[in-house]
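structure.txt (compact mmCIF, C-alpha atoms)
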# COMPACT_ATOMS: atom_id res chain seq x y z
CA MET A 1 5.68 -43.66 55.26
CA THR A 2 3.07 -41.87 53.21
CA ASP A 3 4.50 -38.35 53.34
CA ALA A 4 5.15 -37.15 49.79
CA PRO A 5 8.09 -34.83 49.10
CA TYR A 6 6.00 -32.58 46.86
CA ASP A 7 2.42 -32.10 45.92
CA LEU A 8 1.58 -33.22 42.42
CA ALA A 9 0.65 -30.88 39.57
CA PRO A 10 -3.08 -31.17 38.87
CA GLY A 11 -3.61 -33.35 35.80
CA ASP A 12 -0.59 -35.52 36.55
CA VAL A 13 -1.17 -39.07 37.73
CA SER A 14 -0.49 -39.72 41.42
CA ILE A 15 2.51 -41.92 42.21
CA PHE A 16 0.53 -43.69 44.91
CA GLY A 17 -1.04 -46.95 43.83
CA ARG A 18 -0.11 -47.05 40.19
CA ALA A 19 3.62 -46.37 40.16
CA GLY A 20 5.41 -47.99 37.24
CA ARG A 21 2.39 -48.84 35.13
CA MET A 22 1.29 -45.27 34.41
CA ALA A 23 1.53 -45.31 30.61
CA ALA A 24 -0.06 -48.73 30.29
CA SER A 25 -3.06 -47.96 32.49
CA GLY A 26 -3.39 -44.32 31.33
CA VAL A 27 -5.63 -45.06 28.35
CA GLY A 28 -7.69 -47.38 30.54
CA ILE A 29 -8.31 -44.63 33.11
CA TYR A 30 -9.45 -42.15 30.45
CA THR A 31 -11.64 -44.81 28.81
CA ILE A 32 -13.34 -45.71 32.10
CA GLY A 33 -13.97 -41.98 32.61
CA LEU A 34 -15.43 -41.57 29.13
CA VAL A 35 -17.75 -44.58 29.52
CA LEU A 36 -18.98 -43.43 32.94
CA ALA A 37 -19.49 -39.85 31.68
CA LEU A 38 -21.42 -41.09 28.63
CA ILE A 39 -23.67 -43.26 30.84
CA LEU A 40 -24.34 -40.34 33.21
CA THR A 41 -25.00 -37.91 30.32
CA ALA A 42 -27.40 -40.35 28.66
CA THR A 43 -29.17 -40.82 32.01
CA SER A 44 -29.48 -37.03 32.38
CA PHE A 45 -31.13 -36.68 28.97
CA TRP A 46 -33.43 -39.63 29.72
CA VAL A 47 -34.42 -38.23 33.14
CA ALA A 48 -35.24 -34.83 31.59
CA ASN A 49 -37.55 -36.38 28.98
CA THR A 50 -39.21 -39.33 30.66
CA SER A 51 -42.66 -39.22 32.17
CA LEU A 52 -41.94 -42.25 34.37
CA LEU A 53 -40.49 -40.12 37.17
CA TRP A 54 -42.21 -37.73 39.55
CA ALA A 55 -41.92 -34.40 37.74
CA HIS A 56 -41.01 -32.36 40.83
CA GLY A 57 -38.08 -34.65 41.60
CA VAL A 58 -36.53 -34.34 38.13
CA PRO A 59 -34.48 -31.13 38.73
CA MET A 60 -32.96 -32.59 41.90
CA GLY A 61 -32.16 -35.81 40.04
CA LEU A 62 -30.46 -33.80 37.28
CA VAL A 63 -28.35 -31.94 39.85
CA VAL A 64 -27.27 -35.24 41.45
CA LEU A 65 -26.32 -36.67 38.03
CA ALA A 66 -24.33 -33.50 37.22
CA ILE A 67 -22.44 -33.69 40.52
CA ALA A 68 -21.67 -37.36 39.85
CA GLN A 69 -20.40 -36.56 36.35
CA MET A 70 -18.29 -33.70 37.72
CA GLY A 71 -16.74 -36.21 40.12
CA VAL A 72 -16.02 -38.60 37.23
CA HIS A 73 -14.28 -35.80 35.30
CA LEU A 74 -12.23 -34.73 38.33
CA VAL A 75 -11.07 -38.26 39.12
CA PHE A 76 -10.59 -39.82 35.68
CA PHE A 77 -9.68 -36.79 33.51
CA LEU A 78 -8.05 -34.34 35.94
CA HIS A 79 -6.60 -37.11 38.18
CA ILE A 80 -7.54 -35.32 41.39
CA THR A 81 -7.17 -37.86 44.20
CA THR A 82 -7.06 -37.84 47.98
CA ALA A 83 -3.45 -39.10 47.98
CA PRO A 84 -0.99 -37.11 50.13
CA ASP A 85 0.67 -35.65 47.01
CA ASN A 86 -2.66 -34.04 46.04
CA THR A 87 -3.36 -32.12 49.24
CA ASN A 88 -2.93 -28.63 47.74
CA ASN A 89 -5.03 -29.44 44.66
CA VAL A 90 -7.89 -30.86 46.73
CA LEU A 91 -7.83 -27.97 49.20
CA ALA A 92 -7.93 -25.40 46.37
CA LEU A 93 -10.81 -27.33 44.80
CA ALA A 94 -12.67 -27.48 48.12
CA PHE A 95 -12.33 -23.71 48.54
CA GLY A 96 -13.53 -23.16 44.95
CA VAL A 97 -16.55 -25.39 45.51
CA LEU A 98 -17.35 -23.52 48.75
CA ILE A 99 -17.33 -20.14 46.96
CA VAL A 100 -19.41 -21.51 44.05
CA PHE A 101 -21.92 -22.93 46.52
CA LEU A 102 -22.15 -19.64 48.44
CA VAL A 103 -22.60 -17.56 45.26
CA VAL A 104 -25.27 -19.78 43.66
CA VAL A 105 -27.28 -20.84 46.72
CA GLY A 106 -26.93 -17.40 48.36
CA SER A 107 -28.16 -15.58 45.23
CA LEU A 108 -31.10 -17.94 44.75
CA TRP A 109 -32.05 -17.77 48.44
CA ILE A 110 -31.92 -13.97 48.66
CA MET A 111 -33.70 -13.36 45.35
CA THR A 112 -36.47 -15.88 46.10
CA ASP A 113 -36.94 -14.26 49.50
CA LEU A 114 -37.10 -10.77 47.93
CA ASN A 115 -39.61 -11.99 45.34
CA THR A 116 -41.88 -13.45 48.01
CA ASN A 117 -41.76 -10.30 50.13
CA MET A 118 -42.12 -8.00 47.12
CA MET A 119 -44.60 -5.13 47.30
CA PRO A 120 -47.73 -5.86 45.26
CA SER A 121 -46.90 -5.21 41.58
CA ALA A 122 -48.34 -2.62 39.18
CA GLU A 123 -51.68 -4.28 38.52
CA PRO A 124 -53.03 -4.46 42.11
CA MET A 125 -51.60 -0.99 42.81
CA ASN A 126 -53.64 0.42 39.95
CA LEU A 127 -56.73 -1.35 41.26
CA MET A 128 -56.17 0.19 44.68
CA GLN A 129 -55.82 3.68 43.22
CA ARG A 130 -59.12 3.46 41.37
CA MET B 1 32.18 -44.81 53.33
CA ASN B 2 31.35 -41.43 51.87
CA VAL B 3 29.41 -43.07 49.07
CA ALA B 4 27.38 -45.08 51.57
CA VAL B 5 26.52 -41.90 53.44
CA ALA B 6 25.47 -40.20 50.20
CA VAL B 7 23.13 -43.06 49.26
CA TYR B 8 21.67 -43.03 52.74
CA ASP B 9 21.06 -39.28 52.44
CA ALA B 10 19.37 -39.65 49.08
CA LYS B 11 16.99 -42.21 50.55
CA GLN B 12 16.21 -39.85 53.40
CA ASP B 13 15.62 -37.09 50.86
CA ALA B 14 13.08 -39.13 48.84
CA PHE B 15 10.94 -39.61 51.93
CA ALA B 16 11.48 -36.18 53.45
CA PRO B 17 8.32 -34.42 54.63
CA ALA B 18 7.00 -31.60 52.43
CA SER B 19 8.41 -28.97 54.80
CA GLU B 20 11.99 -30.23 54.29
CA ALA B 21 11.91 -31.08 50.57
CA GLY B 22 12.89 -27.63 49.26
CA PRO B 23 11.15 -25.68 46.48
CA ALA B 24 8.71 -27.69 44.36
CA PRO B 25 9.54 -28.42 40.70
CA LYS B 26 8.37 -25.79 38.21
CA ARG B 27 5.82 -28.18 36.63
CA VAL B 28 4.08 -28.51 40.00
CA VAL B 29 4.13 -24.74 40.64
CA VAL B 30 2.85 -23.88 37.15
CA GLY B 31 0.18 -26.59 37.24
CA PHE B 32 -1.05 -25.51 40.65
CA GLY B 33 -1.11 -21.83 39.65
CA PHE B 34 -3.17 -22.66 36.58
CA TRP B 35 -5.46 -24.84 38.70
CA VAL B 36 -6.12 -21.83 40.96
CA PHE B 37 -6.85 -19.69 37.87
CA LEU B 38 -9.30 -22.33 36.61
CA LEU B 39 -11.07 -22.41 39.96
CA SER B 40 -11.39 -18.59 39.87
CA ASP B 41 -12.79 -18.92 36.34
CA ILE B 42 -15.32 -21.45 37.66
CA VAL B 43 -16.25 -18.97 40.43
CA MET B 44 -16.90 -16.35 37.69
CA PHE B 45 -19.12 -18.86 35.88
CA SER B 46 -20.96 -19.54 39.14
CA ALA B 47 -21.96 -15.85 39.25
CA LEU B 48 -23.28 -16.11 35.67
CA PHE B 49 -25.14 -19.33 36.59
CA ALA B 50 -26.65 -17.60 39.63
CA ALA B 51 -27.78 -14.68 37.44
CA TYR B 52 -29.32 -17.14 34.97
CA ALA B 53 -31.09 -19.10 37.71
CA VAL B 54 -32.54 -15.88 39.18
CA LEU B 55 -33.68 -14.53 35.79
CA VAL B 56 -34.86 -17.77 34.15
CA HIS B 57 -38.56 -16.93 34.53
CA ALA B 58 -38.15 -13.21 33.63
CA THR B 59 -39.15 -13.76 29.99
CA ALA B 60 -41.04 -10.42 29.67
CA GLY B 61 -43.69 -12.11 27.52
CA GLY B 62 -41.01 -13.39 25.15
CA PRO B 63 -40.09 -16.98 24.34
CA ALA B 64 -39.15 -19.30 27.22
CA GLY B 65 -36.50 -21.99 27.22
CA ASN B 66 -38.78 -24.88 26.27
CA GLN B 67 -39.83 -23.04 23.07
CA LEU B 68 -36.22 -22.29 22.05
CA PHE B 69 -33.96 -25.17 23.01
CA ASN B 70 -33.36 -28.08 20.67
CA GLN B 71 -32.33 -31.10 22.72
CA ALA B 72 -30.93 -33.03 19.75
CA SER B 73 -28.32 -30.35 18.99
CA VAL B 74 -27.50 -30.05 22.72
CA ALA B 75 -26.90 -33.81 22.83
CA ILE B 76 -24.57 -33.60 19.81
CA GLU B 77 -22.70 -30.65 21.38
CA THR B 78 -22.33 -32.62 24.63
CA ALA B 79 -20.98 -35.66 22.79
CA CYS B 80 -18.51 -33.50 20.83
CA LEU B 81 -17.13 -31.86 23.96
CA LEU B 82 -17.01 -35.07 26.01
CA ILE B 83 -15.18 -37.06 23.32
CA SER B 84 -12.82 -34.13 22.69
CA SER B 85 -12.03 -34.16 26.43
CA TYR B 86 -11.20 -37.87 26.08
CA THR B 87 -8.95 -37.34 23.04
CA CYS B 88 -7.31 -34.43 24.89
CA GLY B 89 -6.45 -36.90 27.68
CA LEU B 90 -5.02 -39.31 25.10
CA MET B 91 -3.00 -36.39 23.72
CA SER B 92 -1.57 -35.78 27.23
CA LEU B 93 -0.51 -39.44 27.37
CA ALA B 94 1.11 -39.16 23.92
CA VAL B 95 2.96 -36.02 25.07
CA SER B 96 4.32 -37.69 28.22
CA ALA B 97 5.37 -40.73 26.13
CA ARG B 98 6.99 -38.34 23.57
CA ARG B 99 5.01 -39.83 20.68
CA ARG B 100 4.88 -36.92 18.24
CA ALA B 101 2.58 -38.44 15.57
CA ASP B 102 0.00 -39.51 18.17
CA THR B 103 0.16 -36.03 19.73
CA TYR B 104 -0.69 -34.40 16.40
CA MET B 105 -3.44 -36.92 15.63
CA PHE B 106 -5.22 -36.57 19.00
CA ALA B 107 -4.77 -32.78 18.92
CA LEU B 108 -6.39 -32.73 15.47
CA ILE B 109 -9.35 -34.85 16.66
CA THR B 110 -9.72 -32.63 19.74
CA PHE B 111 -9.62 -29.51 17.54
CA VAL B 112 -12.17 -30.83 15.03
CA LEU B 113 -14.62 -31.88 17.79
CA GLY B 114 -14.19 -28.53 19.57
CA ALA B 115 -14.71 -26.65 16.31
CA ALA B 116 -17.84 -28.72 15.63
CA PHE B 117 -19.12 -27.74 19.08
CA VAL B 118 -18.55 -24.03 18.39
CA TYR B 119 -20.12 -24.34 14.92
CA ILE B 120 -23.30 -25.96 16.29
CA GLU B 121 -23.52 -23.37 19.08
CA VAL B 122 -23.10 -20.40 16.71
CA HIS B 123 -25.71 -21.96 14.39
CA GLU B 124 -28.09 -22.33 17.36
CA PHE B 125 -27.53 -18.69 18.42
CA ALA B 126 -28.09 -17.44 14.86
CA ASP B 127 -31.30 -19.47 14.64
CA MET B 128 -32.60 -18.04 17.93
CA ILE B 129 -31.75 -14.47 16.89
CA ALA B 130 -33.48 -14.99 13.54
CA ARG B 131 -36.63 -16.00 15.44
CA GLY B 132 -36.52 -12.74 17.43
CA ALA B 133 -35.01 -14.26 20.59
CA THR B 134 -32.16 -11.73 20.83
CA PRO B 135 -30.25 -10.90 24.04
CA GLN B 136 -32.22 -7.62 24.24
CA ARG B 137 -35.61 -9.40 24.21
CA SER B 138 -35.78 -10.34 27.92
CA ALA B 139 -33.67 -10.68 31.07
CA PHE B 140 -33.86 -14.46 30.63
CA LEU B 141 -32.34 -14.24 27.14
CA SER B 142 -29.64 -11.78 28.29
CA ALA B 143 -28.59 -14.20 31.01
CA PHE B 144 -28.78 -17.17 28.61
CA PHE B 145 -26.59 -15.57 25.94
CA THR B 146 -24.10 -14.37 28.59
CA VAL B 147 -23.55 -17.70 30.31
CA VAL B 148 -23.64 -19.94 27.20
CA GLY B 149 -21.75 -17.39 25.08
CA CYS B 150 -19.04 -17.01 27.73
CA HIS B 151 -18.47 -20.77 27.67
CA GLY B 152 -18.43 -20.69 23.85
CA LEU B 153 -15.78 -17.94 23.95
CA HIS B 154 -13.69 -20.07 26.31
CA VAL B 155 -13.91 -23.01 23.91
CA THR B 156 -12.91 -20.74 21.00
CA ALA B 157 -9.93 -19.45 23.00
CA GLY B 158 -9.03 -23.08 23.77
CA LEU B 159 -9.07 -23.93 20.06
CA ILE B 160 -6.69 -21.04 19.30
CA TRP B 161 -4.48 -22.15 22.20
CA LEU B 162 -4.41 -25.74 20.89
CA ALA B 163 -3.39 -24.56 17.42
CA VAL B 164 -0.60 -22.42 18.93
CA MET B 165 0.58 -25.35 21.08
CA MET B 166 0.79 -27.65 18.07
CA SER B 167 2.92 -25.11 16.20
CA GLN B 168 5.16 -24.89 19.30
CA VAL B 169 5.50 -28.69 19.39
CA ALA B 170 6.36 -28.64 15.68
CA ILE B 171 8.92 -25.81 15.94
CA ARG B 172 10.38 -26.15 19.42
CA GLY B 173 9.70 -29.81 20.24
CA PHE B 174 8.86 -31.30 23.63
CA ARG B 175 10.96 -28.99 25.77
CA PRO B 176 9.95 -28.43 29.43
CA ALA B 177 8.24 -25.06 28.80
CA VAL B 178 6.10 -26.51 25.99
CA ASP B 179 5.34 -29.52 28.20
CA ARG B 180 4.03 -27.28 30.97
CA ARG B 181 1.85 -25.32 28.53
CA LEU B 182 0.40 -28.57 27.23
CA LEU B 183 -0.38 -29.60 30.82
CA CYS B 184 -2.18 -26.27 31.37
CA PHE B 185 -4.08 -26.66 28.09
CA ALA B 186 -5.29 -30.13 29.10
CA LEU B 187 -6.46 -28.77 32.47
CA PHE B 188 -8.27 -25.90 30.71
CA TRP B 189 -10.01 -28.23 28.25
CA HIS B 190 -11.18 -30.67 30.96
CA ALA B 191 -12.42 -27.73 33.09
CA LEU B 192 -14.45 -26.41 30.15
CA ASP B 193 -16.14 -29.81 29.93
CA ILE B 194 -17.01 -29.63 33.64
CA ILE B 195 -18.62 -26.22 33.07
CA TRP B 196 -20.54 -27.65 30.09
CA ILE B 197 -21.96 -30.42 32.36
CA TRP B 198 -23.61 -27.69 34.43
CA LEU B 199 -24.67 -25.76 31.33
CA PHE B 200 -26.53 -28.63 29.72
CA THR B 201 -28.01 -29.65 33.08
CA ALA B 202 -29.04 -26.28 34.50
CA VAL B 203 -29.81 -24.38 31.29
CA TYR B 204 -30.95 -26.85 28.65
CA LEU B 205 -32.38 -29.91 30.46
CA MET B 206 -34.02 -27.97 33.30
CA GLY B 207 -35.16 -25.35 30.78
CA VAL B 208 -36.98 -27.97 28.73
CA HIS B 209 -38.71 -29.13 31.88
CA PRO B 210 -41.26 -26.43 32.76

Spit out the file's structure as structure tokens when you get a sec.
Amino acid sequence: MTDAPYDLAPGDVSIFGRAGRMAASGVGIYTIGLVLALILTATSFWVANTSLLWAHGVPMGLVVLAIAQMGVHLVFFLHITTAPDNTNNVLALAFGVLIVFLVVVGSLWIMTDLNTNMMPSAEPMNLMQR
Amino acid sequence: MNVAVAVYDAKQDAFAPASEAGPAPKRVVVGFGFWVFLLSDIVMFSALFAAYAVLVHATAGGPAGNQLFNQASVAIETACLLISSYTCGLMSLAVSARRRADTYMFALITFVLGAAFVYIEVHEFADMIARGATPQRSAFLSAFFTVVGCHGLHVTAGLIWLAVMMSQVAIRGFRPAVDRRLLCFALFWHALDIIWIWLFTAVYLMGVHP
């Protein structure tokens, strides 16, 4: 039986898997999160400054590292899991991520498109009027 | 016989499906409500990020990101906020274990690291403004000051909240209402760190890269 009576408050540790040894393993969970986050942050700063990598791939690499670090924070600091007692928290998060994605990607897409299809700017217009 | 039935019922109750379990405890309701608020706050930040990303090249002949940003201070700010998020987690553990001295100690470390973050950020802003890179200078700088400043204001509000929470722990003790507020504060502080991940990635590190 995996049906939980209630969903869990976000930030509380799920009862599934680590029942009974919460306090003992709590520090360990946060420490693993801190170490992983520090490694990912250091990698981000290295990727932004190195000349070893293909320059055009660097922004995409930084985005991937940021998504990974966001995942580390959600799992190890906010204790968001996929356990049945976390359904509401995960669904709210999924909806939030969807809206964030729509706002950011939609804005960039539309504005880039408008920029490309823009009427010629002031300089060429002046040349044409001469 | 009646006792046996009662025990049997209690067992049934513990494994009842969510639809038959009755109203959720207040801690769950409050935590979830605050989680929804945080997600709406993140959606607001996403609009500011989108504005920044659209306007990042609109420098109007003024200074661009790679002339303004100092990566060393950004790295120190990142470390401050990340470690303060860790000590905030340790504070949550101390609260749930009812260890008052540890709670105060980790809250103090969290507060000092958060205050150091705000101090470095204000210093950085003052330095940029002194060099003529004010919010009025270009659309890029308006967007930069809005998105980074909004995060800085959130951190400042978090510091005030933490100070208020510690006075509540001192005066009222670990009663359920204070416990729930501490849960919400921890969620808020961790969420601010998630927003900072995107700030240092999208604004500072990508800004340094032309």

* To do: Quick one: pull the distance between CA of Asp12 in chain A and CA of Ala97 in chain B, Å, one decimal.
  => 13.1 Å

* **Among the residues B:Val203, B:Val208, B:Gly132, B:Asp179, the one that comes closest to Gly31 in chain B [using all atoms listed in the file]** =>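 Counting all atoms listed in the file, the residue closest to Gly31 in chain B is B:Asp179.
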
* All residues 9 Å or closer to Leu199 in chain B, all atoms listed in the file, same chain fewer than 6 positions away omitted, as a PyMOL selection string -> chain B and resi 49+147-148+151+205

* Would you work out the distance separating CA of Ser138 in chain B from CA of Thr59 in chain B, expressed in Å to one decimal? => 5.2 Å

* Asked: Leaving out range 101-112 of chain A and any residue of its chain fewer than 6 positions from it, which residues lie within 8 Å of it when counting all atoms listed in the file, given as a PyMOL selection string?
  -> chain B and resi 46-47+49-51+53-54

What are the closest atom pairs, with distances in Å to one decimal, for each residue of chain A lying within 8 Å of chain B, using only C-alpha atoms, rows by chain and rising residue number, as a tab-separated table?
residue	atom	partner	partner_atom	distance
A:Met1	CA	B:Phe15	CA	7.4
A:Asp3	CA	B:Pro17	CA	5.6
A:Ala4	CA	B:Pro17	CA	6.4
A:Pro5	CA	B:Ala18	CA	4.8
A:Tyr6	CA	B:Ala18	CA	5.7
A:Asp7	CA	B:Val28	CA	7.1
A:Leu8	CA	B:Val28	CA	5.9
A:Ala9	CA	B:Val28	CA	4.2
A:Pro10	CA	B:Gly31	CA	5.9
A:Gly11	CA	B:Leu187	CA	6.3
A:Ala23	CA	B:Leu93	CA	7.0
A:Gly26	CA	B:Leu93	CA	6.9
A:Val27	CA	B:Leu90	CA	6.6
A:Tyr30	CA	B:Tyr86	CA	6.4
A:Thr31	CA	B:Tyr86	CA	7.5
A:Leu34	CA	B:Tyr86	CA	6.4
A:Ala37	CA	B:Leu82	CA	7.8
A:Leu38	CA	B:Leu82	CA	7.9
A:Ser44	CA	B:Thr201	CA	7.6
A:Phe45	CA	B:Leu205	CA	7.0
A:Ala48	CA	B:Leu205	CA	5.8
A:Asn49	CA	B:His209	CA	7.9
A:Pro59	CA	B:Met206	CA	6.3
A:Leu62	CA	B:Thr201	CA	6.4
A:Val63	CA	B:Thr201	CA	7.2
A:Ala66	CA	B:Ile197	CA	6.2
A:Gln69	CA	B:Ile197	CA	7.5
A:Met70	CA	B:Ile194	CA	5.9
A:His73	CA	B:Ile194	CA	6.9
A:Phe77	CA	B:Gly89	CA	6.7
A:Leu78	CA	B:Leu187	CA	6.8
A:Asn88	CA	B:Phe32	CA	8.0
A:Asn89	CA	B:Phe32	CA	6.9
A:Ala92	CA	B:Val36	CA	6.7
A:Leu93	CA	B:Leu39	CA	6.9
A:Gly96	CA	B:Leu39	CA	5.6
A:Ile99	CA	B:Val43	CA	6.7
A:Val100	CA	B:Val43	CA	5.4
A:Val103	CA	B:Ala47	CA	6.3
A:Val104	CA	B:Ala50	CA	4.8
A:Val105	CA	B:Ala50	CA	7.8
A:Ser107	CA	B:Ala50	CA	6.1
A:Leu108	CA	B:Val54	CA	6.1
A:Met111	CA	B:Val54	CA	6.8
A:Thr112	CA	B:Val54	CA	8.0

* May I ask for the distance between CA of Ala170 in chain B and CA of Gly114 in chain B, given in Å to one decimal place? => 20.9 Å

* Option closest in space to Leu182 in chain B, from B:Leu108, B:Cys150, B:Met91, B:Ala139 [counting all atoms listed in the file] -> B:Met91

Expected axis-aligned box over every listed atom of range 76-82 of chain A, 6 Å added per side, centre plus edges in Å to one decimal, as AutoDock Vina command-line options:
--center_x -8.6 --center_y -37.1 --center_z 40.7 --size_x 16.0 --size_y 17.5 --size_z 26.5
